[in-house]
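What follows is the content of model-v6.txt (compact mmCIF, C-alpha atoms).
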# COMPACT_ATOMS: atom_id res chain seq x y z
CA MET A 1 -6.40 38.96 10.07
CA ILE A 2 -7.39 40.57 6.78
CA ASN A 3 -10.86 41.56 7.90
CA HIS A 4 -11.52 43.80 4.91
CA LEU A 5 -11.78 40.68 2.74
CA ILE A 6 -14.71 39.26 4.66
CA THR A 7 -17.86 39.34 2.61
CA GLN A 8 -21.53 38.74 3.17
CA LYS A 9 -22.09 37.64 -0.43
CA ASN A 10 -24.04 34.43 -0.92
CA TRP A 11 -22.08 31.22 -1.03
CA GLN A 12 -22.38 30.71 -4.78
CA THR A 13 -20.87 34.11 -5.47
CA GLN A 14 -18.10 33.48 -2.97
CA LEU A 15 -17.41 30.15 -4.62
CA SER A 16 -17.14 31.73 -8.07
CA GLU A 17 -14.89 34.51 -6.78
CA ALA A 18 -12.34 32.24 -5.06
CA ILE A 19 -8.72 33.19 -5.61
CA THR A 20 -7.06 31.01 -8.24
CA SER A 21 -4.01 33.19 -8.96
CA VAL A 22 -0.87 32.77 -6.86
CA ASP A 23 0.14 36.33 -7.72
CA GLU A 24 -3.14 37.67 -6.37
CA LEU A 25 -2.96 35.62 -3.19
CA LEU A 26 0.60 36.68 -2.42
CA THR A 27 -0.22 40.33 -3.16
CA VAL A 28 -3.25 40.26 -0.84
CA LEU A 29 -1.08 38.79 1.92
CA ASN A 30 1.95 41.03 1.29
CA LEU A 31 4.06 37.96 0.62
CA GLU A 32 5.29 38.55 -2.94
CA THR A 33 8.78 37.37 -1.92
CA LEU A 34 7.45 33.80 -1.64
CA LYS A 35 6.88 33.53 -5.37
CA ALA A 36 10.25 31.84 -5.93
CA GLN A 37 9.10 28.93 -3.74
CA ILE A 38 5.97 28.24 -5.77
CA TYR A 39 5.32 25.27 -8.01
CA ILE A 40 1.84 24.59 -9.38
CA PRO A 41 1.21 21.11 -10.77
CA ALA A 42 -0.96 21.08 -13.89
CA HIS A 43 -3.48 18.68 -12.33
CA PHE A 44 -3.97 20.59 -9.07
CA HIS A 45 -3.92 24.37 -9.19
CA LEU A 46 -4.47 26.95 -6.47
CA ARG A 47 -8.01 27.56 -5.26
CA VAL A 48 -8.99 29.29 -2.01
CA PRO A 49 -12.11 31.32 -1.09
CA ARG A 50 -11.55 34.90 -0.01
CA ALA A 51 -13.33 34.36 3.30
CA PHE A 52 -10.72 31.74 4.18
CA VAL A 53 -7.90 34.08 3.11
CA ALA A 54 -9.43 36.66 5.44
CA LYS A 55 -8.56 34.40 8.36
CA MET A 56 -4.85 34.46 7.45
CA THR A 57 -2.32 36.94 8.83
CA ALA A 58 -0.80 39.25 6.25
CA GLY A 59 2.99 39.12 6.06
CA ASP A 60 3.21 35.74 7.83
CA ALA A 61 4.77 33.15 5.50
CA ASN A 62 4.20 30.50 8.17
CA ASP A 63 0.50 31.18 8.64
CA PRO A 64 -1.02 27.72 9.30
CA LEU A 65 -3.96 28.31 6.96
CA LEU A 66 -1.77 29.64 4.14
CA LYS A 67 0.57 26.64 4.34
CA GLN A 68 -2.38 24.30 3.73
CA VAL A 69 -3.26 25.89 0.38
CA LEU A 70 -0.14 27.51 -1.09
CA PRO A 71 1.52 25.34 -3.77
CA ASP A 72 5.14 24.60 -2.95
CA LYS A 73 8.07 23.41 -5.02
CA GLN A 74 8.44 20.51 -2.57
CA GLU A 75 5.44 18.98 -4.36
CA GLN A 76 7.76 18.16 -7.26
CA ILE A 77 9.90 15.84 -5.16
CA THR A 78 9.33 12.16 -5.78
CA VAL A 79 9.39 10.23 -2.50
CA THR A 80 9.30 6.45 -2.36
CA GLY A 81 6.00 5.17 -0.98
CA TYR A 82 4.00 8.27 -1.85
CA VAL A 83 1.67 7.38 -4.72
CA ALA A 84 -1.25 8.76 -6.74
CA ASP A 85 -3.83 6.39 -5.21
CA PRO A 86 -2.64 5.84 -1.62
CA LEU A 87 -5.88 4.20 -0.49
CA ALA A 88 -6.33 1.98 -3.57
CA GLU A 89 -9.76 3.50 -4.12
CA ASN A 90 -9.72 2.53 -7.78
CA ASP A 91 -10.01 -1.08 -6.60
CA GLN A 92 -13.11 -0.32 -4.49
CA ASN A 93 -15.18 1.28 -7.24
CA PRO A 94 -17.84 -1.22 -8.41
CA ILE A 95 -20.05 1.45 -10.02
CA LYS A 96 -19.17 4.87 -11.38
CA GLY A 97 -19.46 7.30 -8.47
CA LEU A 98 -19.65 4.66 -5.73
CA LEU A 99 -16.90 3.36 -3.46
CA HIS A 100 -17.57 0.37 -1.23
CA LYS A 101 -14.67 -0.14 1.15
CA TYR A 102 -16.35 -0.51 4.53
CA GLN A 103 -19.00 -3.17 5.16
CA SER A 104 -21.94 -1.11 6.41
CA ARG A 105 -21.48 2.04 4.37
CA VAL A 106 -20.77 3.25 0.87
CA LEU A 107 -19.33 6.52 -0.36
CA LEU A 108 -20.66 8.54 -3.29
CA THR A 109 -18.43 10.96 -5.19
CA VAL A 110 -21.23 13.35 -6.11
CA THR A 111 -18.84 15.95 -7.53
CA GLY A 112 -15.19 16.48 -8.31
CA ALA A 113 -15.36 20.14 -7.32
CA CYS A 114 -13.98 21.60 -4.10
CA ALA A 115 -14.17 25.15 -2.81
CA ILE A 116 -10.55 24.90 -1.71
CA HIS A 117 -7.56 22.89 -2.89
CA CYS A 118 -5.68 21.56 0.12
CA ARG A 119 -2.15 20.61 -0.87
CA TYR A 120 -2.18 17.35 1.15
CA CYS A 121 -5.46 16.10 -0.41
CA PHE A 122 -5.38 12.33 -0.88
CA ARG A 123 -7.69 12.58 -3.91
CA GLN A 124 -5.69 15.21 -5.80
CA HIS A 125 -4.87 12.62 -8.49
CA PHE A 126 -8.33 10.98 -8.53
CA ASP A 127 -9.98 10.70 -11.97
CA TYR A 128 -13.26 12.43 -11.19
CA ASN A 129 -14.25 12.67 -14.86
CA ALA A 130 -14.33 8.89 -15.03
CA ASN A 131 -16.26 8.58 -11.76
CA MET A 132 -19.04 11.16 -11.89
CA PRO A 133 -22.38 9.34 -11.76
CA THR A 134 -24.88 10.38 -14.43
CA SER A 135 -28.65 10.11 -14.08
CA ALA A 136 -28.40 6.57 -15.42
CA GLU A 137 -25.92 5.63 -12.70
CA HIS A 138 -28.28 6.90 -9.98
CA LEU A 139 -30.51 3.88 -10.60
CA ALA A 140 -27.53 1.54 -10.61
CA ILE A 141 -26.35 2.99 -7.30
CA THR A 142 -29.74 2.56 -5.60
CA SER A 143 -29.96 -1.00 -6.96
CA TYR A 144 -26.47 -1.77 -5.66
CA ILE A 145 -27.38 -0.53 -2.17
CA ALA A 146 -30.62 -2.52 -2.18
CA GLU A 147 -28.65 -5.63 -3.14
CA HIS A 148 -26.35 -5.10 -0.13
CA PRO A 149 -28.67 -5.05 2.91
CA GLU A 150 -25.66 -4.69 5.23
CA VAL A 151 -25.30 -1.10 3.97
CA ASN A 152 -27.19 1.28 6.26
CA GLU A 153 -25.21 4.49 5.75
CA VAL A 154 -24.24 6.55 2.72
CA ILE A 155 -21.40 9.07 2.78
CA LEU A 156 -21.68 11.98 0.36
CA SER A 157 -18.20 13.03 -0.65
CA GLY A 158 -16.28 14.20 -3.66
CA GLY A 159 -14.79 16.72 -4.12
CA ASP A 160 -17.04 18.42 -1.65
CA PRO A 161 -20.76 17.52 -1.67
CA LEU A 162 -21.74 20.98 -0.43
CA SER A 163 -20.16 22.57 -3.50
CA VAL A 164 -23.15 21.40 -5.55
CA SER A 165 -26.39 23.36 -5.66
CA ASN A 166 -29.18 22.76 -3.18
CA ARG A 167 -31.28 21.42 -6.05
CA ARG A 168 -28.73 18.71 -6.88
CA LEU A 169 -27.99 17.93 -3.25
CA PHE A 170 -31.66 17.66 -2.35
CA ALA A 171 -32.20 15.30 -5.29
CA TRP A 172 -29.54 13.00 -3.83
CA LEU A 173 -31.18 13.22 -0.40
CA ASP A 174 -34.58 12.36 -1.87
CA THR A 175 -33.11 9.35 -3.66
CA LEU A 176 -31.30 8.04 -0.61
CA GLU A 177 -34.14 8.63 1.85
CA ALA A 178 -36.36 6.48 -0.39
CA ILE A 179 -34.14 3.46 0.30
CA PRO A 180 -35.72 1.90 3.42
CA GLN A 181 -32.58 0.21 4.78
CA LEU A 182 -30.63 3.47 5.09
CA THR A 183 -30.60 5.04 8.54
CA THR A 184 -27.80 7.60 8.21
CA ILE A 185 -26.59 10.06 5.60
CA ARG A 186 -23.19 11.56 6.20
CA LEU A 187 -21.65 14.58 4.48
CA HIS A 188 -17.89 15.10 4.45
CA THR A 189 -17.24 18.75 3.76
CA ARG A 190 -14.85 21.67 4.08
CA LEU A 191 -17.40 24.28 2.93
CA PRO A 192 -18.65 25.32 6.39
CA LEU A 193 -15.09 26.38 7.24
CA VAL A 194 -14.08 28.09 4.01
CA ILE A 195 -17.49 29.59 3.10
CA PRO A 196 -19.70 29.39 6.22
CA GLU A 197 -22.64 30.93 4.35
CA ARG A 198 -23.04 27.57 2.58
CA LEU A 199 -25.02 26.51 5.65
CA ASP A 200 -27.96 28.59 4.43
CA ASN A 201 -31.54 28.36 5.67
CA ALA A 202 -32.71 26.23 2.75
CA LEU A 203 -30.01 23.63 3.36
CA LEU A 204 -30.48 23.47 7.12
CA ASP A 205 -34.27 23.30 6.78
CA ARG A 206 -33.96 20.37 4.36
CA LEU A 207 -31.47 18.52 6.56
CA SER A 208 -33.68 19.00 9.61
CA GLN A 209 -36.59 17.34 7.77
CA SER A 210 -34.70 14.20 6.78
CA ARG A 211 -36.02 10.87 8.03
CA CYS A 212 -32.38 9.77 8.30
CA ASN A 213 -29.79 10.74 10.86
CA ILE A 214 -27.73 13.52 9.31
CA VAL A 215 -24.07 13.58 10.23
CA MET A 216 -21.77 16.32 8.94
CA VAL A 217 -18.05 15.69 9.24
CA ILE A 218 -16.19 18.93 8.72
CA HIS A 219 -12.48 18.99 7.98
CA CYS A 220 -10.77 21.52 10.21
CA ASN A 221 -7.04 21.34 10.91
CA HIS A 222 -6.40 24.48 12.94
CA ALA A 223 -8.31 26.62 15.45
CA ASN A 224 -7.80 29.73 13.31
CA GLU A 225 -10.19 28.27 10.75
CA ILE A 226 -13.10 28.87 13.13
CA ASP A 227 -13.79 32.57 13.62
CA THR A 228 -16.95 34.01 15.18
CA ASN A 229 -18.91 33.93 11.91
CA THR A 230 -17.95 30.32 11.22
CA ALA A 231 -18.86 29.25 14.75
CA GLU A 232 -22.29 30.89 14.45
CA TYR A 233 -23.10 28.95 11.29
CA LEU A 234 -21.90 25.67 12.79
CA GLN A 235 -24.09 26.25 15.84
CA ARG A 236 -27.06 26.84 13.52
CA ALA A 237 -26.45 23.46 11.95
CA ARG A 238 -26.32 21.87 15.37
CA VAL A 239 -29.62 23.49 16.35
CA ALA A 240 -31.10 22.08 13.13
CA GLY A 241 -30.35 18.60 14.42
CA VAL A 242 -27.19 17.90 12.43
CA VAL A 243 -24.56 15.84 14.26
CA LEU A 244 -21.27 17.71 13.83
CA LEU A 245 -17.95 15.89 13.93
CA ASN A 246 -14.46 16.89 12.87
CA GLN A 247 -11.64 15.03 11.22
CA ALA A 248 -8.22 16.60 11.01
CA VAL A 249 -4.98 15.60 9.32
CA LEU A 250 -1.76 15.80 11.30
CA LEU A 251 0.39 18.21 9.27
CA LYS A 252 4.04 19.01 9.91
CA GLY A 253 4.59 22.64 10.84
CA ILE A 254 0.85 23.37 10.91
CA ASN A 255 -0.83 21.49 13.74
CA ASP A 256 1.73 19.01 15.07
CA SER A 257 2.07 20.44 18.57
CA VAL A 258 0.07 19.85 21.72
CA MET A 259 -0.76 23.57 21.85
CA THR A 260 -2.30 23.68 18.36
CA GLN A 261 -4.19 20.40 18.79
CA THR A 262 -5.54 21.40 22.20
CA ALA A 263 -6.67 24.77 20.86
CA LEU A 264 -8.34 23.04 17.90
CA SER A 265 -10.34 20.64 20.07
CA GLN A 266 -11.47 23.42 22.37
CA ARG A 267 -12.45 25.74 19.51
CA LEU A 268 -14.39 22.94 17.85
CA PHE A 269 -16.28 22.18 21.05
CA ASP A 270 -17.15 25.85 21.52
CA ALA A 271 -18.66 25.78 18.01
CA GLY A 272 -20.72 22.65 18.71
CA VAL A 273 -18.40 20.16 16.98
CA LEU A 274 -16.86 17.05 18.52
CA PRO A 275 -13.35 15.92 17.51
CA TYR A 276 -13.66 12.59 15.68
CA TYR A 277 -10.46 11.56 13.89
CA LEU A 278 -6.89 12.79 13.78
CA HIS A 279 -5.44 11.17 10.66
CA VAL A 280 -1.80 10.59 10.03
CA LEU A 281 -1.13 11.73 6.49
CA ASP A 282 -2.26 9.57 3.60
CA LYS A 283 0.86 8.95 1.54
CA VAL A 284 -0.23 10.77 -1.60
CA ALA A 285 2.32 11.84 -4.19
CA GLY A 286 3.30 15.47 -3.75
CA ALA A 287 2.48 15.76 -0.05
CA ALA A 288 5.41 14.05 1.67
CA HIS A 289 6.62 17.35 3.16
CA PHE A 290 3.50 17.46 5.34
CA ASP A 291 4.13 14.07 6.93
CA ASN A 292 5.15 13.36 10.52
CA ASP A 293 6.80 10.12 11.54
CA GLU A 294 4.69 7.74 13.59
CA ARG A 295 6.82 8.10 16.72
CA SER A 296 6.18 11.86 16.78
CA ALA A 297 2.43 11.32 16.26
CA ILE A 298 2.30 8.89 19.18
CA SER A 299 4.27 11.21 21.47
CA LEU A 300 1.87 14.04 20.61
CA TYR A 301 -1.13 11.84 21.31
CA TRP A 302 0.02 10.99 24.82
CA LEU A 303 0.34 14.71 25.51
CA LEU A 304 -3.21 15.27 24.23
CA LEU A 305 -4.56 12.54 26.50
CA ALA A 306 -3.06 14.41 29.45
CA ALA A 307 -4.17 17.87 28.31
CA LEU A 308 -7.79 17.23 27.29
CA PRO A 309 -10.87 15.46 28.62
CA GLY A 310 -11.45 12.19 26.80
CA TYR A 311 -14.41 13.46 24.78
CA LEU A 312 -12.19 16.11 23.18
CA VAL A 313 -9.41 13.74 22.15
CA PRO A 314 -9.87 12.55 18.55
CA LYS A 315 -9.00 8.98 17.59
CA LEU A 316 -5.51 8.74 16.13
CA VAL A 317 -5.91 6.66 12.98
CA GLN A 318 -4.45 5.78 9.64
CA GLU A 319 -6.38 4.80 6.54
CA LEU A 320 -4.67 1.96 4.70
CA PRO A 321 -5.52 0.39 1.35
CA ASN A 322 -7.70 -2.72 1.35
CA ARG A 323 -8.49 -2.55 5.06
CA PRO A 324 -12.21 -2.61 5.99
CA PHE A 325 -11.83 0.01 8.73
CA LYS A 326 -9.77 2.99 9.84
CA VAL A 327 -6.69 1.52 11.49
CA PRO A 328 -6.02 2.82 15.02
CA ILE A 329 -2.41 3.82 15.63
CA ASP A 330 -0.87 1.66 18.34
CA ILE A 331 0.05 4.32 20.89
CA TYR A 332 1.83 1.69 23.05
CA LYS A 333 4.26 0.87 20.25
CA GLY A 334 7.82 1.16 21.50
CA SER A 335 6.76 1.89 25.08
Rewrite the structure from the file as structure tokens, please.
Amino acid sequence: MINHLITQKNWQTQLSEAITSVDELLTVLNLETLKAQIYIPAHFHLRVPRAFVAKMTAGDANDPLLKQVLPDKQEQITVTGYVADPLAENDQNPIKGLLHKYQSRVLLTVTGACAIHCRYCFRQHFDYNANMPTSAEHLAITSYIAEHPEVNEVILSGGDPLSVSNRRLFAWLDTLEAIPQLTTIRLHTRLPLVIPERLDNALLDRLSQSRCNIVMVIHCNHANEIDTNTAEYLQRARVAGVVLLNQAVLLKGINDSVMTQTALSQRLFDAGVLPYYLHVLDKVAGAAHFDNDERSAISLYWLLLAALPGYLVPKLVQELPNRPFKVPIDIYKGS
């Protein structure tokens, strides 16, 4: 690991100093020879915080963290069935900034910004500029929720909701907590893994004071993403009363073995996080090279059931367009 890159700078500084140059990243990792394999689409450039790079192994072109963020010329290949909007989210967008796909919960895209650009991201083609809610839309969003009494949970997403300032995030929390029917606020975030310092005292104090249940779903795909520092910050969030869950994406050549998945579940549990979902890849244009066929995913899942206690086995699911729930993979298919 490149320990000399680890910094104790505050999270905002770390966010602003993220590596956005492929040349710099490859130089830091002593992997300049990989440059010929690089392709950077205009809509989705490289972005990775230095603290996350510090968890990678220099000289290893197959490092599982590097492969998640390094642009690859395979992204240029057009593959039938892989599209810009694989979940048809544009059809579930009644108000700017709000997605209503599942009956009891809505999702707010509070920002288009992420601390890290994961090359398999299903929203890499999403038009955030057209979907960022302004102050005027805040009222429309609260009115929409009030008009749908079946909604009792709001998911803060993006982008990454923790990439916004505490001031902006707390304003959203204040707005949502004032809606009596809401019982749960969920945050889907990668920040605790790529910049653990984002879980600062001010944020954890505010979350601990919420009248709502606070659920934080982190997005960790490999055990190497959780070092000692990361685990300490996650445990602090747990002590603050935040329910910590993880969703991972099954990625070819990164975490598609029983060894890597078992290590991930165990590392998560040690850090106070329960495995929640293991997603098969959303078929987004540019990410086909990460996909595993369903038969391989099912075979892996049976091995996980044998290797882990039930509470450490995530649900194997697929998100499909225009379905009102995550679709469980039929693990008995073909048996």
d(CA of Pro324 in chain A, CA of Leu108 in chain A) in Å: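 If I compute the distance from CA of Pro324 in chain A to CA of Leu108 in chain A, I get 16.8 Å.
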Taking all atoms listed in the file into account, produce a table as a tab-separated table in which each residue of range 168-193 of chain A with an atom at most 10 Å from an atom of range 128-149 of chain A appears once, together with its shortest atom pair and the distance in Å to one decimal, ordered by chain and rising number.
residue	atom	partner	partner_atom	distance
A:Trp172	CA	A:His138	CA	8.8
A:Thr175	CA	A:Thr142	CA	7.8
A:Leu176	CA	A:Thr142	CA	7.6
A:Ala178	CA	A:Thr142	CA	9.3
A:Ile179	CA	A:Ala146	CA	7.4
A:Pro180	CA	A:Ala146	CA	8.8
A:Gln181	CA	A:Pro149	CA	6.8
A:Leu182	CA	A:Ile145	CA	8.9
Could the residues in this selection be saved with C-alpha atoms as an mmCIF file, in the coordinates of the input?
data_model
loop_
_atom_site.group_PDB
_atom_site.id
_atom_site.type_symbol
_atom_site.label_atom_id
_atom_site.label_comp_id
_atom_site.auth_asym_id
_atom_site.auth_seq_id
_atom_site.Cartn_x
_atom_site.Cartn_y
_atom_site.Cartn_z
ATOM 1 C CA TRP A 172 -29.540 13.000 -3.830
ATOM 2 C CA THR A 175 -33.110 9.350 -3.660
ATOM 3 C CA LEU A 176 -31.300 8.040 -0.610
ATOM 4 C CA ALA A 178 -36.360 6.480 -0.390
ATOM 5 C CA ILE A 179 -34.140 3.460 0.300
ATOM 6 C CA PRO A 180 -35.720 1.900 3.420
ATOM 7 C CA GLN A 181 -32.580 0.210 4.780
ATOM 8 C CA LEU A 182 -30.630 3.470 5.090
#
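Distance annotation: of A:Thr183, A:Gln103, A:Gln76, A:Gln209, the residue with the minimal separation from Phe325 in chain A is A:Gln103; atom set is only C-alpha atoms.
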Please list as a short mmCIF file (atom, residue, chain, number, x, y, z; two decimals) with C-alpha atoms, in the coordinates of the input every residue within 7 Å of Leu316 in chain A, counting all atoms listed in the file and excluding residues in the same chain fewer than 6 positions away.
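The resulting file, selection.cif, is reproduced below:
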data_model
loop_
_atom_site.label_atom_id
_atom_site.label_comp_id
_atom_site.auth_asym_id
_atom_site.auth_seq_id
_atom_site.Cartn_x
_atom_site.Cartn_y
_atom_site.Cartn_z
CA TYR A 277 -10.46 11.56 13.89
CA LEU A 278 -6.89 12.79 13.78
CA HIS A 279 -5.44 11.17 10.66
CA PRO A 328 -6.02 2.82 15.02
CA ILE A 329 -2.41 3.82 15.63
#
Each range 197-279 of chain A residue no farther than 8 Å from range 64-74 of chain A, nearest pair in Å, only C-alpha atoms, as a tab-separated table:
residue	atom	partner	partner_atom	distance
A:His222	CA	A:Pro64	CA	7.3
A:Asn224	CA	A:Leu65	CA	7.6
A:Glu225	CA	A:Leu65	CA	7.3
A:Gly253	CA	A:Pro64	CA	7.7
A:Ile254	CA	A:Pro64	CA	5.0
A:Asn255	CA	A:Pro64	CA	7.7
Distance criterion (only C-alpha atoms): nearest to Pro196 in chain A out of A:Met56, A:Ile116, A:Ala231, A:Ala171: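 Checking each candidate against Pro196 in chain A, we get A:Ala231 as the closest.
Here the question is which of A:Pro275, A:Gly286, A:Gly159, A:Gly97 gets nearest to Leu308 in chain A using only C-alpha atoms, and that residue is A:Pro275.
Here the question is which of A:Leu173, A:Leu187, A:Val249, A:Leu193 gets nearest to Ser210 in chain A using all atoms listed in the file, and that residue is A:Leu173.
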Distance of CA of Ala84 in chain A from CA of Met216 in chain A, expressed in Å to one decimal place: 26.9 Å
